[in-house]
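Trainee: I have a structure I would like to understand better, so I am pasting it below and will then ask my questions one at a time.
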Amino acid sequence: MLSDHSIGYIEVKREIDFYYQMQHIEMQFELQLNLDGITSARHQFELDHVIDVSHKPFSFGGGILYLHTNQGVFPYNIQVDPAYFILAFQSLKSKK
């Protein structure tokens, strides 16, 4: 039985340094899927509040994973194929 699945995602933070140069800082986080819902570094969604999960692949690899929730759509920049994560979500959602 499924208890916990995760997928890594990247957030890019842009800052201006002391010399007025644009710095791109990549931070890596995990999107956790479990029986209670989906948790990111900034948000927590109950499973009942997540309507769907979709994926837009990029030609150079990676893509964007979209969480469609009752609070709106939340995009996550991913570097791997999310097929197992989406299937795990669908499996959990069908059991509720």
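Labeling convention for the structure tokens: chains A, B, ... as they appear, residues from 1 per chain, ligands from 1 in order of appearance.
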Quick one: DSSP alpha helix (DSSP H) residues in chain A, as JSON, numbers by chain?
Mentor: {"A": [83, 84, 85, 86, 87, 88, 89, 90, 91, 92, 93, 94, 95]}
Trainee: Mind dumping the selected residues with N, CA, C and O atoms as a PDB file, in the first residue's frame?
Mentor:
ATOM      1  N   ALA A  83       5.789  10.622 -13.985  1.00  0.00           N
ATOM      2  CA  ALA A  83       4.730   9.636 -14.242  1.00  0.00           C
ATOM      3  C   ALA A  83       4.382   8.824 -12.994  1.00  0.00           C
ATOM      4  O   ALA A  83       3.205   8.637 -12.676  1.00  0.00           O
ATOM      5  N   TYR A  84       5.391   8.358 -12.248  1.00  0.00           N
ATOM      6  CA  TYR A  84       5.114   7.559 -11.051  1.00  0.00           C
ATOM      7  C   TYR A  84       4.402   8.391  -9.986  1.00  0.00           C
ATOM      8  O   TYR A  84       3.543   7.892  -9.278  1.00  0.00           O
ATOM      9  N   PHE A  85       4.759   9.673  -9.882  1.00  0.00           N
ATOM     10  CA  PHE A  85       4.127  10.562  -8.898  1.00  0.00           C
ATOM     11  C   PHE A  85       2.656  10.789  -9.259  1.00  0.00           C
ATOM     12  O   PHE A  85       1.781  10.728  -8.402  1.00  0.00           O
ATOM     13  N   ILE A  86       2.387  11.031 -10.543  1.00  0.00           N
ATOM     14  CA  ILE A  86       1.016  11.262 -11.003  1.00  0.00           C
ATOM     15  C   ILE A  86       0.178   9.996 -10.820  1.00  0.00           C
ATOM     16  O   ILE A  86      -0.962  10.058 -10.352  1.00  0.00           O
ATOM     17  N   LEU A  87       0.745   8.818 -11.158  1.00  0.00           N
ATOM     18  CA  LEU A  87       0.017   7.560 -10.964  1.00  0.00           C
ATOM     19  C   LEU A  87      -0.275   7.300  -9.489  1.00  0.00           C
ATOM     20  O   LEU A  87      -1.363   6.831  -9.140  1.00  0.00           O
ATOM     21  N   ALA A  88       0.677   7.603  -8.631  1.00  0.00           N
ATOM     22  CA  ALA A  88       0.470   7.423  -7.186  1.00  0.00           C
ATOM     23  C   ALA A  88      -0.639   8.349  -6.699  1.00  0.00           C
ATOM     24  O   ALA A  88      -1.491   7.945  -5.899  1.00  0.00           O
ATOM     25  N   PHE A  89      -0.655   9.594  -7.189  1.00  0.00           N
ATOM     26  CA  PHE A  89      -1.723  10.531  -6.823  1.00  0.00           C
ATOM     27  C   PHE A  89      -3.079  10.002  -7.273  1.00  0.00           C
ATOM     28  O   PHE A  89      -4.043   9.982  -6.506  1.00  0.00           O
ATOM     29  N   GLN A  90      -3.167   9.561  -8.522  1.00  0.00           N
ATOM     30  CA  GLN A  90      -4.427   9.055  -9.057  1.00  0.00           C
ATOM     31  C   GLN A  90      -4.909   7.837  -8.292  1.00  0.00           C
ATOM     32  O   GLN A  90      -6.101   7.679  -8.042  1.00  0.00           O
ATOM     33  N   SER A  91      -3.984   6.978  -7.904  1.00  0.00           N
ATOM     34  CA  SER A  91      -4.327   5.794  -7.127  1.00  0.00           C
ATOM     35  C   SER A  91      -4.879   6.184  -5.764  1.00  0.00           C
ATOM     36  O   SER A  91      -5.909   5.626  -5.321  1.00  0.00           O
ATOM     37  N   LEU A  92      -4.224   7.105  -5.098  1.00  0.00           N
ATOM     38  CA  LEU A  92      -4.717   7.567  -3.790  1.00  0.00           C
ATOM     39  C   LEU A  92      -6.063   8.262  -3.917  1.00  0.00           C
ATOM     40  O   LEU A  92      -6.958   8.051  -3.102  1.00  0.00           O
ATOM     41  N   LYS A  93      -6.194   9.102  -4.928  1.00  0.00           N
ATOM     42  CA  LYS A  93      -7.418   9.867  -5.126  1.00  0.00           C
ATOM     43  C   LYS A  93      -8.604   8.941  -5.407  1.00  0.00           C
ATOM     44  O   LYS A  93      -9.703   9.192  -4.920  1.00  0.00           O
ATOM     45  N   SER A  94      -8.375   7.851  -6.145  1.00  0.00           N
ATOM     46  CA  SER A  94      -9.482   6.943  -6.478  1.00  0.00           C
ATOM     47  C   SER A  94      -9.950   6.144  -5.265  1.00  0.00           C
ATOM     48  O   SER A  94     -11.077   5.667  -5.230  1.00  0.00           O
ATOM     49  N   LYS A  95      -9.090   6.022  -4.254  1.00  0.00           N
ATOM     50  CA  LYS A  95      -9.456   5.278  -3.051  1.00  0.00           C
ATOM     51  C   LYS A  95     -10.254   6.118  -2.064  1.00  0.00           C
ATOM     52  O   LYS A  95     -10.850   5.592  -1.139  1.00  0.00           O
TER      53      LYS A  95
END
Trainee: Counting only C-alpha atoms, which of A:Val50, A:Ile10, A:Ile25, A:Ile16 gets nearest to A:Tyr76?
Mentor: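 The shortest atom-to-atom distance to A:Tyr76 comes from A:Ile10.
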Trainee: When you look at A:Leu67 with a cut-off of 7 Å (counting only C-alpha atoms), what residues show up, excluding the ones that are within fewer than 6 positions of it in the same chain? I need them as a list in words.
Mentor: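 Here the answer would be Val50, Asp52, Val53, Ser54, Val73, Phe74 and Pro75 of chain A.
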Trainee: Take the residues just selected and output them with all heavy atoms as a short mmCIF file (atom, residue, chain, number, x, y, z; two decimals), in the first residue's frame.
Mentor:
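Writing the result to part02.cif gives the following:
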data_model
loop_
_atom_site.label_atom_id
_atom_site.label_comp_id
_atom_site.auth_asym_id
_atom_site.auth_seq_id
_atom_site.Cartn_x
_atom_site.Cartn_y
_atom_site.Cartn_z
N VAL A 50 -6.98 18.68 -3.76
CA VAL A 50 -6.22 18.57 -5.01
C VAL A 50 -7.12 17.90 -6.04
O VAL A 50 -7.52 16.75 -5.89
CB VAL A 50 -4.91 17.78 -4.82
CG1 VAL A 50 -4.14 17.71 -6.14
CG2 VAL A 50 -4.05 18.40 -3.73
N ASP A 52 -6.45 17.71 -9.53
CA ASP A 52 -5.70 16.97 -10.54
C ASP A 52 -4.22 17.34 -10.46
O ASP A 52 -3.84 18.35 -9.88
CB ASP A 52 -6.24 17.32 -11.94
CG ASP A 52 -5.79 16.36 -13.02
OD1 ASP A 52 -5.30 15.25 -12.68
OD2 ASP A 52 -5.91 16.70 -14.21
N VAL A 53 -3.39 16.50 -11.07
CA VAL A 53 -1.96 16.76 -11.22
C VAL A 53 -1.64 16.56 -12.70
O VAL A 53 -2.01 15.53 -13.27
CB VAL A 53 -1.11 15.81 -10.35
CG1 VAL A 53 0.37 16.06 -10.58
CG2 VAL A 53 -1.45 15.96 -8.88
N SER A 54 -1.00 17.55 -13.32
CA SER A 54 -0.65 17.42 -14.74
C SER A 54 0.81 17.81 -14.93
O SER A 54 1.45 18.34 -14.03
CB SER A 54 -1.57 18.28 -15.61
OG SER A 54 -1.42 19.65 -15.29
N VAL A 73 -3.94 26.96 -9.29
CA VAL A 73 -2.97 26.05 -9.90
C VAL A 73 -1.57 26.45 -9.41
O VAL A 73 -1.19 27.61 -9.47
CB VAL A 73 -3.03 26.11 -11.44
CG1 VAL A 73 -1.97 25.22 -12.06
CG2 VAL A 73 -4.41 25.73 -11.93
N PHE A 74 -0.81 25.46 -8.94
CA PHE A 74 0.52 25.68 -8.40
C PHE A 74 1.54 24.95 -9.27
O PHE A 74 1.49 23.72 -9.38
CB PHE A 74 0.60 25.19 -6.95
CG PHE A 74 -0.24 25.99 -6.01
CD1 PHE A 74 -1.61 25.75 -5.91
CD2 PHE A 74 0.32 26.99 -5.24
CE1 PHE A 74 -2.40 26.50 -5.05
CE2 PHE A 74 -0.46 27.74 -4.38
CZ PHE A 74 -1.83 27.50 -4.28
N PRO A 75 2.47 25.70 -9.91
CA PRO A 75 3.48 25.07 -10.77
C PRO A 75 4.76 24.73 -9.99
O PRO A 75 5.18 25.46 -9.11
CB PRO A 75 3.77 26.16 -11.80
CG PRO A 75 3.55 27.43 -11.05
CD PRO A 75 2.45 27.14 -10.05
#
Trainee: Contacts of A:His55 at 8 Å or less, counting only C-alpha atoms, minus same-chain residues fewer than 2 places along, as a list in words?
Mentor: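 These residues fall inside the cut-off: Val53, Pro57, Gly63, Ile64, Leu65, Tyr66 and Pro82 of chain A.
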Trainee: Hey, can you spit out that residue selection with C-alpha atoms as a PDB file, in the first residue's frame?
Mentor:
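Written file, selection_25.pdb:
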ATOM      1  CA  VAL A  53      -1.961  16.764 -11.220  1.00  0.00           C
ATOM      2  CA  PRO A  57       7.414  18.448 -20.443  1.00  0.00           C
ATOM      3  CA  GLY A  63       9.244  20.285 -17.182  1.00  0.00           C
ATOM      4  CA  ILE A  64       6.576  21.762 -14.977  1.00  0.00           C
ATOM      5  CA  LEU A  65       4.337  19.759 -12.675  1.00  0.00           C
ATOM      6  CA  TYR A  66       0.994  21.468 -12.030  1.00  0.00           C
ATOM      7  CA  PRO A  82       6.719  12.592 -12.893  1.00  0.00           C
TER       8      PRO A  82
END
Trainee: Which is closer to A:Ile78 than all the others in A:Arg14, A:Leu47, A:Ser59, A:Leu31, using only C-alpha atoms?
Mentor: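 Result for the nearest residue to A:Ile78: A:Leu31.
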Trainee: Using only C-alpha atoms for the distances, tell me which of A:Asn77, A:Ala41, A:His5, A:Gly61 is nearest to A:Glu26.
Mentor: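 So, comparing all the options, the nearest one is A:Asn77.
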Trainee: What is the distance, in Å and to one decimal place, between atom CA of A:Val12 and atom CA of A:Gln28?
Mentor: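 Between these atoms lies a distance of 8.9 Å.
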